[in-house]
Structures are given as C-alpha cells and as structure tokens.
file upload.cif (mmCIF, C-alpha atoms)
data_coords
loop_
_atom_site.label_atom_id
_atom_site.label_comp_id
_atom_site.auth_asym_id
_atom_site.auth_seq_id
_atom_site.Cartn_x
_atom_site.Cartn_y
_atom_site.Cartn_z
CA MET L 1 -53.52 -45.79 -13.15
CA LYS L 2 -51.39 -42.70 -12.50
CA ARG L 3 -50.10 -42.45 -8.95
CA ARG L 4 -51.21 -39.42 -6.94
CA ILE L 5 -49.92 -38.15 -3.64
CA LEU L 6 -52.81 -38.25 -1.17
CA ASN L 7 -50.90 -37.01 1.89
CA GLU L 8 -51.57 -33.27 1.95
CA ARG L 9 -48.21 -32.24 3.43
CA LEU L 10 -46.16 -34.51 1.14
CA ALA L 11 -48.04 -33.16 -1.89
CA ALA L 12 -47.22 -29.60 -0.79
CA ILE L 13 -43.53 -30.42 -0.34
CA VAL L 14 -43.31 -32.05 -3.77
CA ALA L 15 -45.20 -29.16 -5.42
CA SER L 16 -42.87 -26.56 -3.92
CA ILE L 17 -39.48 -28.26 -4.20
CA ARG L 18 -37.09 -26.70 -6.69
CA HIS L 19 -34.15 -27.83 -8.83
CA GLY L 20 -31.26 -29.02 -6.68
CA GLU L 21 -33.32 -29.34 -3.51
CA MET L 22 -33.56 -32.79 -1.98
CA ILE L 23 -35.93 -35.11 -0.13
CA PHE L 24 -34.60 -37.93 2.04
CA ILE L 25 -36.69 -41.12 1.87
CA ALA L 26 -36.01 -42.94 5.13
CA ASP L 27 -36.72 -46.51 6.15
CA SER L 28 -38.55 -47.14 9.39
CA GLY L 29 -35.31 -47.72 11.28
CA SER L 30 -33.78 -44.35 10.41
CA GLY L 31 -33.06 -42.56 13.65
CA THR L 32 -34.38 -39.03 13.55
CA CYS L 33 -34.94 -38.14 17.21
CA SER L 34 -32.64 -35.90 19.22
CA LYS L 35 -31.05 -38.94 20.91
CA ALA L 36 -30.23 -40.80 17.68
CA LEU L 37 -26.60 -41.52 16.80
CA TYR L 38 -26.92 -38.85 14.09
CA PRO L 39 -29.87 -36.67 15.19
CA LEU L 40 -31.87 -34.93 12.48
CA ASP L 41 -31.13 -31.23 12.16
CA PRO L 42 -34.21 -29.38 13.49
CA SER L 43 -34.33 -27.20 10.35
CA VAL L 44 -35.23 -30.25 8.21
CA GLU L 45 -38.96 -30.97 7.99
CA TYR L 46 -39.87 -34.45 9.20
CA LEU L 47 -42.89 -36.26 7.77
CA ASP L 48 -43.79 -39.72 9.06
CA VAL L 49 -45.98 -41.60 6.56
CA GLU L 50 -45.67 -45.00 8.29
CA VAL L 51 -48.98 -46.82 8.60
CA VAL L 52 -47.97 -50.28 9.79
CA THR L 53 -44.75 -52.25 9.76
CA GLY L 54 -43.68 -52.50 6.13
CA SER L 55 -46.14 -49.97 4.71
CA PRO L 56 -45.75 -47.89 2.76
CA THR L 57 -42.63 -49.37 1.26
CA PHE L 58 -39.61 -47.51 -0.02
CA GLU L 59 -40.68 -48.51 -3.53
CA ASP L 60 -44.24 -47.21 -3.01
CA ILE L 61 -42.97 -43.77 -2.02
CA VAL L 62 -40.14 -43.52 -4.56
CA ARG L 63 -42.31 -44.61 -7.51
CA THR L 64 -45.05 -42.19 -6.50
CA LEU L 65 -42.64 -39.27 -6.11
CA ALA L 66 -40.91 -40.08 -9.41
CA GLU L 67 -44.26 -40.13 -11.20
CA ALA L 68 -45.90 -37.18 -9.47
CA GLY L 69 -42.91 -34.88 -9.02
CA ASP L 70 -39.87 -33.62 -10.87
CA PHE L 71 -36.88 -35.62 -9.68
CA GLU L 72 -33.77 -36.14 -11.77
CA GLY L 73 -31.81 -38.64 -9.72
CA ALA L 74 -30.96 -40.22 -6.40
CA ILE L 75 -28.07 -40.46 -3.98
CA ILE L 76 -27.62 -43.65 -1.98
CA THR L 77 -25.12 -45.23 0.36
CA GLU L 78 -22.36 -47.34 -1.16
CA ASP L 79 -23.86 -50.31 0.73
CA MET L 80 -27.28 -50.27 -0.93
CA PRO L 81 -26.46 -52.08 -4.22
CA ASP L 82 -25.12 -55.15 -2.36
CA GLN L 83 -27.38 -55.12 0.68
CA ASN L 84 -30.63 -54.04 -0.98
CA PRO L 85 -30.44 -54.89 -4.71
CA LYS L 86 -34.24 -54.78 -5.14
CA ASP L 87 -34.64 -51.14 -4.12
CA TYR L 88 -31.40 -50.19 -5.85
CA GLY L 89 -32.86 -51.74 -9.02
CA THR L 90 -36.00 -49.63 -8.62
CA LEU L 91 -33.91 -46.45 -8.50
CA VAL L 92 -31.89 -47.49 -11.56
CA GLU L 93 -35.12 -48.31 -13.42
CA LEU L 94 -36.63 -44.92 -12.58
CA PHE L 95 -33.61 -42.65 -13.05
CA GLY L 96 -30.95 -44.61 -14.96
CA GLU L 97 -27.73 -46.02 -13.55
CA ASN L 98 -25.75 -42.84 -14.21
CA LYS L 99 -28.27 -40.79 -12.16
CA VAL L 100 -28.00 -42.97 -9.03
CA ARG L 101 -24.88 -41.76 -7.25
CA GLN L 102 -23.26 -43.34 -4.21
CA ILE L 103 -21.60 -41.84 -1.14
CA ASN L 104 -20.22 -43.13 2.17
CA TYR L 105 -22.81 -44.11 4.75
CA ALA L 106 -21.54 -42.43 7.90
CA PRO L 107 -21.19 -39.59 8.49
CA GLU L 108 -21.52 -38.25 4.89
CA TYR L 109 -24.99 -39.66 4.24
CA TYR L 110 -26.34 -38.16 7.46
CA GLN L 111 -24.72 -34.83 6.65
CA LEU L 112 -26.48 -34.92 3.27
CA ARG L 113 -29.77 -35.83 4.98
CA ASP L 114 -29.44 -32.65 7.03
CA ARG L 115 -29.18 -30.60 3.84
CA CYS L 116 -32.50 -31.99 2.58
CA ARG L 117 -35.71 -30.03 2.46
CA ALA L 118 -37.58 -32.86 4.17
CA VAL L 119 -37.26 -36.39 5.53
CA VAL L 120 -40.10 -38.74 4.62
CA GLN L 121 -40.10 -41.79 6.88
CA THR L 122 -41.69 -44.90 5.37
CA GLY L 123 -42.73 -48.09 7.11
CA ASP L 124 -40.14 -50.09 5.14
CA ILE L 125 -38.01 -52.39 7.26
CA GLY L 126 -35.50 -53.31 4.53
CA ILE L 127 -31.77 -52.82 4.93
CA HIS L 128 -30.67 -49.50 3.41
CA ALA L 129 -34.21 -48.86 2.13
CA GLN L 130 -33.46 -45.17 1.86
CA ALA L 131 -32.33 -42.64 -0.70
CA VAL L 132 -32.00 -38.93 -1.27
CA LEU L 133 -34.05 -37.79 -4.25
CA VAL L 134 -32.70 -34.74 -6.08
CA ALA L 135 -35.36 -32.44 -7.51
CA GLY L 136 -35.15 -31.05 -10.99
CA TYR L 137 -35.48 -31.95 -14.57
CA PRO L 138 -33.12 -34.03 -16.66
CA SER L 139 -30.12 -31.75 -17.04
CA ALA L 140 -26.42 -31.70 -16.47
CA ASP L 141 -25.66 -33.29 -13.12
CA ILE L 142 -25.29 -31.01 -10.15
CA GLU L 143 -21.86 -31.78 -8.76
CA LEU L 144 -22.00 -34.09 -5.74
CA ASP L 145 -19.72 -31.73 -3.79
CA VAL L 146 -22.29 -28.95 -4.30
CA LEU L 147 -25.12 -31.15 -3.00
CA LEU L 148 -22.95 -32.18 -0.04
CA GLY L 149 -22.22 -28.53 0.74
CA LYS L 150 -18.47 -28.94 0.20
CA LYS L 151 -18.43 -26.57 -2.76
CA LYS L 152 -20.48 -23.53 -3.75
CA PHE L 153 -22.64 -23.68 -6.85
CA THR L 154 -21.44 -21.40 -9.62
CA THR L 155 -23.08 -20.67 -12.91
CA ILE L 156 -21.35 -20.64 -16.26
CA PRO L 157 -20.86 -17.05 -17.50
CA LYS L 158 -23.26 -16.31 -20.35
CA LYS L 159 -20.40 -15.73 -22.82
CA ASP L 160 -19.04 -19.26 -22.14
CA ARG L 161 -22.36 -21.11 -22.55
CA LYS L 162 -22.77 -23.34 -25.58
#

call {"tool": "encode", "arguments": {"input": "upload.cif", "output": "structure tokens"}}
result
Amino acid sequence: MKRRILNERLAAIVASIRHGEMIFIADSGSGTCSKALYPLDPSVEYLDVEVVTGSPTFEDIVRTLAEAGDFEGAIITEDMPDQNPKDYGTLVELFGENKVRQINYAPEYYQLRDRCRAVVQTGDIGIHAQAVLVAGYPSADIELDVLLGKKKFTTIPKKDRK
C-alpha cells in the first residue's frame, strides 16, 4: 500500500517545498525550545508529530516522505553510521550511499537545521535518529557549502551548459 501523509500541515509542507529546500527530521530528544543548547531559529517552522514514546519512528517519517514527496538526498551527522546503523541503512536504501552526505554534529548540524524550511519532531528515541532531507529531483548534487550557507548558489551560464 502506498504511504500517504495524513497530517494536514506536514502534507502542505511537503507539497510546497522546492528544489534545494530542506526538512529536518528530529528525534524526540532534539532540543528545539528557546533554552536548548542550540535553540531553534524562530523562522523555522516546528511540527511535532510525536504520539507516544517511540512513535512515529524516524523510519516511518523518512519512508513516508521519500515515497510521498520529492527528496533527492539526506544530510546526517558523521556519528550516525556508527551509532545508528539501522536508520543510516534506511537512508542509504532510499537515496543511495552517494546521496547521504555527512557533516559535523555541533555546531554545523544545528546551523544547517536553522536553514531548513521546517523541523518535524518524531517520537523516535534512537541515538542520532535524525536527518536533513533535501528536496528536489535526482540531479547534480547541490554543493554542501551552498546548503550550509557558506557559499552562494550560482547557475551555469547558458553558453557553458552541456
């Protein structure tokens, strides 16, 4: 059976997200309040989909978004492959190993979170059960420095395109 997004707000976010925009999938322990070690920027939409401890899982949300939306890859912390191989494997299965990129956990990952369109907090209690999903269609990778805001996006002049 095809997965559908039943949460009205999450469905609207996924329907309106555009190429290069990002959604942060957070585990239940991700601090997002103003008193957190790395508080969430108030310009980022926060959507809590937790129901009970452990539900929905990271995998539930990521599989549903990958099936229902247009996402071309993920960005994770460098700690995820060792500390959470199950969820890392799910991302590799969905996007391919070359489309799952890794960055430093702190502060870079939190800085990237604050560049996301929305944070979706799951009920997952796994270690590093979080990822940034990059919207778009399978295409040339958007440079990580562009996604991190360290470099401006530039297009290839029409005369130089192949």

call {"tool": "closest_residue", "arguments": {"input": "upload.cif", "among": "L:Cys33, L:Ile75, L:Val120, L:Ile61", "to": "L:Tyr46", "atoms": "only C-alpha atoms"}}
result
L:Val120

call {"tool": "atom_distance", "arguments": {"input": "upload.cif", "atom1": "atom CA of L:Ala26", "atom2": "atom CA of L:Arg113"}}
result
9.5 Å

call {"tool": "resolve_selection", "arguments": {"input": "upload.cif", "expression": "the PyMOL selection byres ((chain L and resi 22-25) around 9)", "output": "PyMOL selection string"}}
result
chain L and resi 13-14+17-21+26-27+58+61-62+71+112-122+129-135+147

call {"tool": "atom_distance", "arguments": {"input": "upload.cif", "atom1": "atom CA of L:Asp124", "atom2": "atom CA of L:Ser28"}}
result
5.4 Å

call {"tool": "resolve_selection", "arguments": {"input": "upload.cif", "expression": "the PyMOL selection byres ((chain L and resi 72) around 10)", "output": "PyMOL selection string"}}
result
chain L and resi 19-20+66+69-71+73-74+94-96+99-100+133-141

call {"tool": "atom_distance", "arguments": {"input": "upload.cif", "atom1": "atom CA of L:Ile5", "atom2": "atom CA of L:Pro56"}}
result
12.4 Å

call {"tool": "resolve_selection", "arguments": {"input": "upload.cif", "expression": "the PyMOL selection byres ((chain L and resi 50) around 6)", "output": "list in words"}}
result
Asp48, Val49, Val51, Val52, Thr122 and Gly123 of chain L

call {"tool": "closest_residue", "arguments": {"input": "upload.cif", "among": "L:Lys151, L:Arg63, L:His128, L:Lys35", "to": "L:Asp79", "atoms": "only C-alpha atoms"}}
result
L:His128

call {"tool": "closest_residue", "arguments": {"input": "upload.cif", "among": "L:Ile76, L:Ile142, L:Met1, L:Ala36", "to": "L:Gln102", "atoms": "only C-alpha atoms"}}
result
L:Ile76

call {"tool": "closest_residue", "arguments": {"input": "upload.cif", "among": "L:Ala68, L:Leu40, L:Ile127, L:Val92", "to": "L:Met80", "atoms": "only C-alpha atoms"}}
result
L:Ile127

call {"tool": "closest_residue", "arguments": {"input": "upload.cif", "among": "L:Leu65, L:Ile125, L:Ile103, L:Leu144", "to": "L:Arg3", "atoms": "all atoms listed in the file"}}
result
L:Leu65

call {"tool": "closest_residue", "arguments": {"input": "upload.cif", "among": "L:Tyr38, L:Ser16, L:Thr64, L:Gly54", "to": "L:Thr90", "atoms": "only C-alpha atoms"}}
result
L:Thr64
